[in-house]
Amino acid sequence: MNLKEAFRFQNKIEHLLGETEHILSSEDCVTLTKRTYLYKKANPDAENETVTIIPDTEYYQEINKLVEFAMYLLEKREELSKAITETKRKLPIDLNGETSLNSYRQKLSEIFRDMAKIKGKEVTETNGGLGYRFNNEGNQVSYRCDVEKVTTINFDRNVVRKYAAQLSKTADIASIEIDRCIINYEVDFEPPFDVNDSFDEVFENFNAG
């Protein structure tokens, strides 16, 4: 598999681990509770009855297997992680660093492009202001007035546009190189199951093996 497929499979393993952890971390799922109704104590002619409370998981009879399954998934996660790391060493770029950096380039370029679209404007807000004066009786009273609101850009639009174009171009070049690396470089890992298999399918195959 190439790096792109390896990253996808890594996410699959983590998803399966998450589902397994969810079951194992619930005390109600990993314990059995029996309730014995002491009918005979209250009624000598009756017989006691014991009822087992079924845990809220279809896997309650396979908890030991789920524990082994969790260890199996963790082992495969570690194996794949080492294989990915080994492949990354062969790349002409620092994949993690460049991917993170490119995300910032793209975000900042988008912000700059949005800034460049901002225009100055003038708006009159009818009765938007509040003033005070003294009336003929000498009392202070309030009154309303219109407000002229003038908005101007507080930056150099040409500089912002230049940086937006520069960042966009650099990000595009970097994206092409990142894509080339994750598609063309192989990871030495044999998938133990199909990435599209459901939790049930992967667990059943694990049990069968």
# chains A, B, ... in the order shown; residues from 1 in each chain; ligands from 1
>>> select_by_dssp(residues="region 32-170 of chain A", states="strand (DSSP E)", output="NGL selection string")
:A and (33-37 or 49-53 or 121-134 or 140-151)
>>> select_by_dssp(residues="region 2-154 of chain A", states="helix (DSSP H, G or I)", output="count of residues only")
81
>>> residues_around(residues="Phe206 (chain A)", least_positions_apart="2", cutoff="10 Å", atoms="only C-alpha atoms", output="PyMOL selection string")
chain A and resi 65-66+68-69+72+192-193+200-204+208-209
>>> atom_distance(atom1="CA of Val150 (chain A)", atom2="CA of Ile118 (chain A)")
13.5 Å
>>> closest_residue(among="A:Asp146, A:Thr152, A:Phe7, A:Gln140", to="Lys121 (chain A)", atoms="only C-alpha atoms")
A:Thr152
>>> residues_around(residues="region 172-179 of chain A", least_positions_apart="4", cutoff="9 Å", atoms="only C-alpha atoms", output="list in words")
Lys4, Ile93, Leu95, Glu98, Thr99, Asn102, Gln106, Leu167, Ser168, Ile183 and Asn184 of chain A
>>> closest_residue(among="A:Ala171, A:Val147, A:Leu74, A:Ala83", to="Ala6 (chain A)", atoms="only C-alpha atoms")
A:Ala83
>>> residues_around(residues="Val30 (chain A)", least_positions_apart="4", cutoff="8 Å", atoms="only C-alpha atoms", output="VMD selection string")
chain A and resid 23 to 24 26 55 60 63
>>> atom_distance(atom1="CA of Glu19 (chain A)", atom2="CA of Leu3 (chain A)")
24.5 Å
>>> decode(residues="region 34-47 of chain A", atoms="N, CA and C atoms", output="tab-separated table (two decimals), in the first residue's frame")
chain	number	residue	atom	x	y	z
A	34	LYS	N	-26.67	-10.94	38.68
A	34	LYS	CA	-27.78	-11.88	38.90
A	34	LYS	C	-28.65	-11.36	40.03
A	35	ARG	N	-29.94	-11.37	39.80
A	35	ARG	CA	-30.91	-10.94	40.80
A	35	ARG	C	-31.71	-12.17	41.24
A	36	THR	N	-31.66	-12.47	42.53
A	36	THR	CA	-32.41	-13.61	43.07
A	36	THR	C	-33.61	-13.10	43.86
A	37	TYR	N	-34.77	-13.45	43.41
A	37	TYR	CA	-36.01	-13.04	44.07
A	37	TYR	C	-36.34	-14.08	45.16
A	38	LEU	N	-36.26	-13.66	46.41
A	38	LEU	CA	-36.44	-14.56	47.56
A	38	LEU	C	-37.93	-14.73	47.88
A	39	TYR	N	-38.65	-15.32	46.93
A	39	TYR	CA	-40.08	-15.54	47.10
A	39	TYR	C	-40.37	-16.46	48.29
A	40	LYS	N	-39.52	-17.49	48.45
A	40	LYS	CA	-39.78	-18.51	49.48
A	40	LYS	C	-39.74	-17.92	50.89
A	41	LYS	N	-38.90	-16.86	51.02
A	41	LYS	CA	-38.78	-16.23	52.34
A	41	LYS	C	-40.09	-15.56	52.74
A	42	ALA	N	-40.78	-15.02	51.75
A	42	ALA	CA	-42.05	-14.34	52.03
A	42	ALA	C	-43.25	-15.26	51.87
A	43	ASN	N	-43.05	-16.34	51.08
A	43	ASN	CA	-44.15	-17.27	50.81
A	43	ASN	C	-43.58	-18.68	50.76
A	44	PRO	N	-43.74	-19.48	51.82
A	44	PRO	CA	-43.17	-20.83	51.89
A	44	PRO	C	-43.59	-21.73	50.73
A	45	ASP	N	-44.70	-21.43	50.10
A	45	ASP	CA	-45.17	-22.28	49.01
A	45	ASP	C	-44.52	-21.91	47.66
A	46	ALA	N	-43.77	-20.79	47.62
A	46	ALA	CA	-43.16	-20.34	46.37
A	46	ALA	C	-41.69	-20.77	46.31
A	47	GLU	N	-41.15	-20.74	45.11
A	47	GLU	CA	-39.74	-21.05	44.91
A	47	GLU	C	-38.98	-19.77	44.52
